[in-house]
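Visitor: The structure is given below, and queries will be raised subsequently.
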Amino acid sequence: MKSSPPARPLWQGRTLALLGIVLFAFSLRSAVASLSPLFDHIAADFELPAAVVGLIGTAPPVCFAIFGLLTPALERRFGLERLAVAAMTVVTVGLVARSLAPNSGLLLAGTALVFAAVGTGNILLPPLVKRYFPDRIGLMTTVFSTTMSVATFVPPLIAVPVADAADWHFSLGLWAVFALVAMVPWIGLAVRRAADARADRAARTSPGADDEVEQASPRAFGRMWRLPLAWALLISFAVSSTVAYTSFAWMPKMLVDIAGVAPVTAGALLSLFGFMGLPASLVVPLLVTRRNATRLLFGIAVTTGLVGLAGLLFVPTVAPWLWVGLVGLAPLLFPLVLVLLGLRTRTHEGAVALSGFVQSGGYAIAALFPVGIGLLHDATDSWTAPLIILAIVVAAAIPAGVVAARPHTIEDDWERRHGAW
């Protein structure tokens with residue numbers, strides 16, 4: 001495995017990339033988190049059927065999975081920088097469209113457009129970090145995952161006050177400004193990269209090997225299906241996403257039913273669950289890159305998740321805040337997997353292919369659980385079976401963590417099993 005490149009000052013020659021990654025990450029999550037708090041305001045203007053609300057709730061992981069599969073091919077065609085510009089353009093258009101929606105159908109269509117672009121953006125972030133900050137993967141993963149955490153809980157805090165002061169149209173539409181600004185650095189970087197590519201072509205008398213590094217091979221994504229490391233990261237990502245999306249969908253109702261808390265308290269406990277991702281996003285990438293703490297972090301995620309779920313299952317009325325907080329630590333697998341997407345690859349094409357495989361597959365699995373858990377609860381009229389299912393999901397991270405913690409890359413795996421990458 002190749003050694004890491006020597007570190008250089010964070011801002012040196014890559015200020016645009018740093019700003020672009022931060023703004024890009026913020027826009028990806030604020031676009032998702034700014035809608036659901038406004039359902040009551042929107043319903044005052046036009047009918048918002050439960051089916052539409054349900055589709056909006058399940059749309060993120062579904063769109064993330066579908067467009068995660070498409071992104072590697074789009075990246076081969078357009079390149080990272082131009083695709084980043086396109087993703088932010090579509091997010092901007094979608095945010096404006098849904099803020100102007102006159103009915104639930106167009107609200108859903110605009111939301112789907114936003115989530116489609118966000119699905120592409122999710123895949124692009126780890127390869128962008130690897131391209132511009134190969135010497136600072138841990139730090140930059142901390143930067144963008146923390147930005148995502150902030151962008152997850154800030155919009156719900158201000159969405160309703162802004163809607164009360166103005167209206168819900170303005171509250172939804174204002175996030176388009178951030179997506180619009182996020183385009184600017186990537187436009188500059190796309191122009192610069194195109195100019196560099198023209199200069200390289202003019203300087204070469206024959207095509208060089210560099211083209212193969214910069215353009216992800218169409219075979220690379222297919223190779224992921226045959227690599228245990230890729231599957232280990234996919235399962236880990238699926239565990240994190242399943243716990244997160246299922247909790248956001250059902251935890252308030254579950255806490256009211258089994259812990260006997262008031263709805264307002266259940267909402268506050270859900271906020272606690274979401275907030276647990278912020279400290280995790282701050283420390284996890286640095287612990288992985290500087291302390292090689294991958295195995296330890298997998299152990300913490302699994303242990304806290306299982307203990308929290310056991311508390312909710314057996315003694316839900318005793319310190320429910322503790323059980324919720326412990327369950328909220330299980331999704332620390334999210335920033336852990338994001339940093340491993342950079343550390344477990346040697347090449348640009350490997351990073352794009354692995355990111356697409358892990359995130360699209362992980363989101364596809366996670367999309368099944370909010371609906372499935374709800375159906376299981378309705379069928380049993382109990383939260384016992386759903387909690388046991390979630391515990392089994394968390395336990396699946398144990399074998400995945402054993403494989404993912406080994407310090408090797410997907411290229412190493414392929415070469416050892418199948419020959420040259």
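In the structure tokens, chains take the letters A, B, ... in the order shown, each chain's residues start at 1, and ligands count up from 1 in the order shown.
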Within 12 Å of Val402 of chain A, counting only C-alpha atoms, which residues show up once you throw out same-chain ones fewer than 2 positions away? Write them as a PyMOL selection string, please.

Guide: chain A and resi 228-229+231-233+235-236+294-299+396-400+404-407

Visitor: List the neighbours of Thr120 of chain A out to 12 Å using only C-alpha atoms; skip same-chain residues closer than 3 positions along the sequence, and give me the result as a PDB file with C-alpha atoms, in the first residue's frame.

Guide:
```pdb
ATOM      1  CA  PHE A  24     -21.075  21.841  -1.250  1.00  0.00           C
ATOM      2  CA  ALA A  25     -21.489  19.776   1.935  1.00  0.00           C
ATOM      3  CA  LEU A  28     -26.373  18.831   0.351  1.00  0.00           C
ATOM      4  CA  PRO A  60     -33.916  10.590   0.233  1.00  0.00           C
ATOM      5  CA  PRO A  61     -32.438   7.081   0.564  1.00  0.00           C
ATOM      6  CA  CYS A  63     -32.844   8.824  -4.700  1.00  0.00           C
ATOM      7  CA  PHE A  64     -29.449   8.560  -3.029  1.00  0.00           C
ATOM      8  CA  ALA A  65     -29.266   4.894  -4.017  1.00  0.00           C
ATOM      9  CA  ILE A  66     -30.388   5.353  -7.636  1.00  0.00           C
ATOM     10  CA  PHE A  67     -28.209   8.349  -8.408  1.00  0.00           C
ATOM     11  CA  GLY A  68     -25.334   6.867  -6.463  1.00  0.00           C
ATOM     12  CA  LEU A  69     -25.338   4.082  -9.049  1.00  0.00           C
ATOM     13  CA  LEU A  70     -25.441   6.549 -11.937  1.00  0.00           C
ATOM     14  CA  THR A  71     -22.787   8.935 -10.623  1.00  0.00           C
ATOM     15  CA  PRO A  72     -19.637   6.953 -11.562  1.00  0.00           C
ATOM     16  CA  ALA A  73     -20.757   6.889 -15.205  1.00  0.00           C
ATOM     17  CA  LEU A  74     -21.623  10.601 -15.102  1.00  0.00           C
ATOM     18  CA  GLU A  75     -18.232  11.352 -13.549  1.00  0.00           C
ATOM     19  CA  LEU A  80     -15.660  15.661 -10.857  1.00  0.00           C
ATOM     20  CA  LEU A  83     -20.479  17.266 -12.209  1.00  0.00           C
ATOM     21  CA  ALA A  84     -20.248  19.162  -8.902  1.00  0.00           C
ATOM     22  CA  VAL A  85     -21.395  22.321 -10.729  1.00  0.00           C
ATOM     23  CA  ALA A  86     -24.246  20.391 -12.345  1.00  0.00           C
ATOM     24  CA  ALA A  87     -25.335  18.906  -8.999  1.00  0.00           C
ATOM     25  CA  MET A  88     -25.485  22.315  -7.332  1.00  0.00           C
ATOM     26  CA  THR A  89     -27.339  23.751 -10.343  1.00  0.00           C
ATOM     27  CA  VAL A  90     -30.004  21.055 -10.087  1.00  0.00           C
ATOM     28  CA  VAL A  91     -30.246  21.507  -6.305  1.00  0.00           C
ATOM     29  CA  LEU A 113     -35.209  16.757  -8.151  1.00  0.00           C
ATOM     30  CA  VAL A 114     -33.332  18.056  -5.110  1.00  0.00           C
ATOM     31  CA  PHE A 115     -32.728  14.585  -3.703  1.00  0.00           C
ATOM     32  CA  ALA A 116     -31.538  13.276  -7.071  1.00  0.00           C
ATOM     33  CA  ALA A 117     -28.819  15.926  -7.210  1.00  0.00           C
ATOM     34  CA  ILE A 123     -20.847  10.261  -4.035  1.00  0.00           C
ATOM     35  CA  LEU A 124     -18.646  13.129  -5.216  1.00  0.00           C
ATOM     36  CA  LEU A 125     -17.453  14.429  -1.835  1.00  0.00           C
ATOM     37  CA  PRO A 126     -14.990  11.645  -0.878  1.00  0.00           C
ATOM     38  CA  PRO A 127     -13.312  11.624  -4.334  1.00  0.00           C
ATOM     39  CA  VAL A 352     -15.221   7.098  -7.267  1.00  0.00           C
ATOM     40  CA  SER A 355     -17.953   5.683  -3.043  1.00  0.00           C
ATOM     41  CA  GLY A 356     -20.694   4.924  -5.564  1.00  0.00           C
ATOM     42  CA  GLN A 359     -23.344   4.748  -0.733  1.00  0.00           C
ATOM     43  CA  SER A 360     -25.816   3.594  -3.384  1.00  0.00           C
TER      44      SER A 360
END
```

Visitor: Set the distance at 9 Å and use only C-alpha atoms: which residues neighbour segment 249-252 of chain A once local chain neighbours fewer than 2 positions away are removed? I'd like the list as a ChimeraX atom specification.

Guide: /A:57,244-247,254-257,263-270,324,370-371,373-374

Visitor: Please provide the set of residues having any atom within 12 Å of Pro102 of chain A, restricted to only C-alpha atoms, with same-chain residues fewer than 2 positions apart removed, written as a list in words.

Guide: Ile42, Ala43, Ala44, Asp45, Phe46, Glu47, Leu48, Ala97, Arg98, Ser99, Leu100, Ser104, Gly105, Leu106, Leu107, Leu108, Ala109, Gly110, Trp168 and His169 of chain A

Visitor: Which is closer to Thr289 of chain A than all the others in A:Ile389, A:Leu309, A:Ala262, A:Val339, using only C-alpha atoms?

Guide: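 Using only C-alpha atoms, the shortest distance to Thr289 of chain A belongs to A:Val339.
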
Visitor: Can you pull out the residues contacting Thr409 of chain A? Cut-off 7 Å, using only C-alpha atoms, and skip same-chain residues under 4 positions away; I want them as a ChimeraX atom specification.

Guide: /A:344-346,413

Visitor: Residues of the last selection are to be written out with C-alpha atoms, as a PDB file, in the first residue's frame.

Guide:
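After the write, result_19.pdb holds the following:
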```
ATOM      1  CA  ARG A 344      -9.054   2.279   1.487  1.00  0.00           C
ATOM      2  CA  THR A 345      -8.324   3.344  -2.100  1.00  0.00           C
ATOM      3  CA  ARG A 346      -5.108   4.164  -3.950  1.00  0.00           C
ATOM      4  CA  ASP A 413      -7.636  -6.763  -2.601  1.00  0.00           C
TER       5      ASP A 413
END
```

Visitor: Between A:Ala353, A:Ala163, A:Val327, A:Leu368, which is the closest to Ala301 of chain A once you count only C-alpha atoms?

Guide: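 Counting only C-alpha atoms, the residue closest to Ala301 of chain A is A:Val327.
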
Visitor: Given only C-alpha atoms as the basis, pick out the residue of A:Gly138, A:Ala195, A:Ala420, A:Leu312 nearest to Arg291 of chain A.

Guide: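 Under the stated criterion, the closest residue is A:Gly138.
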
Visitor: Report as a ChimeraX atom specification all protein, DNA and RNA residues lying within 7 Å of Val337 of chain A, evaluated on only C-alpha atoms, omitting residues in the same chain fewer than 4 positions from it.

Guide: /A:233,237,333,341

Visitor: Quick one: write out the picked residues with C-alpha atoms as a PDB file, in the first residue's frame?

Guide:
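Result written to again-v1.pdb:
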```pdb
ATOM      1  CA  LEU A 233     -17.949  -0.771   3.935  1.00  0.00           C
ATOM      2  CA  PHE A 237     -22.857   2.365   5.735  1.00  0.00           C
ATOM      3  CA  LEU A 333     -20.256   4.666  11.374  1.00  0.00           C
ATOM      4  CA  LEU A 341     -13.581   5.622   1.361  1.00  0.00           C
TER       5      LEU A 341
END
```

Visitor: Can you list every residue in segment 181-350 of chain A that DSSP puts in helix (DSSP H, G or I), as a PyMOL selection string?

Guide: chain A and resi 181-203+210-214+218-224+228-258+263-275+277-291+294-314+320-343+348-350
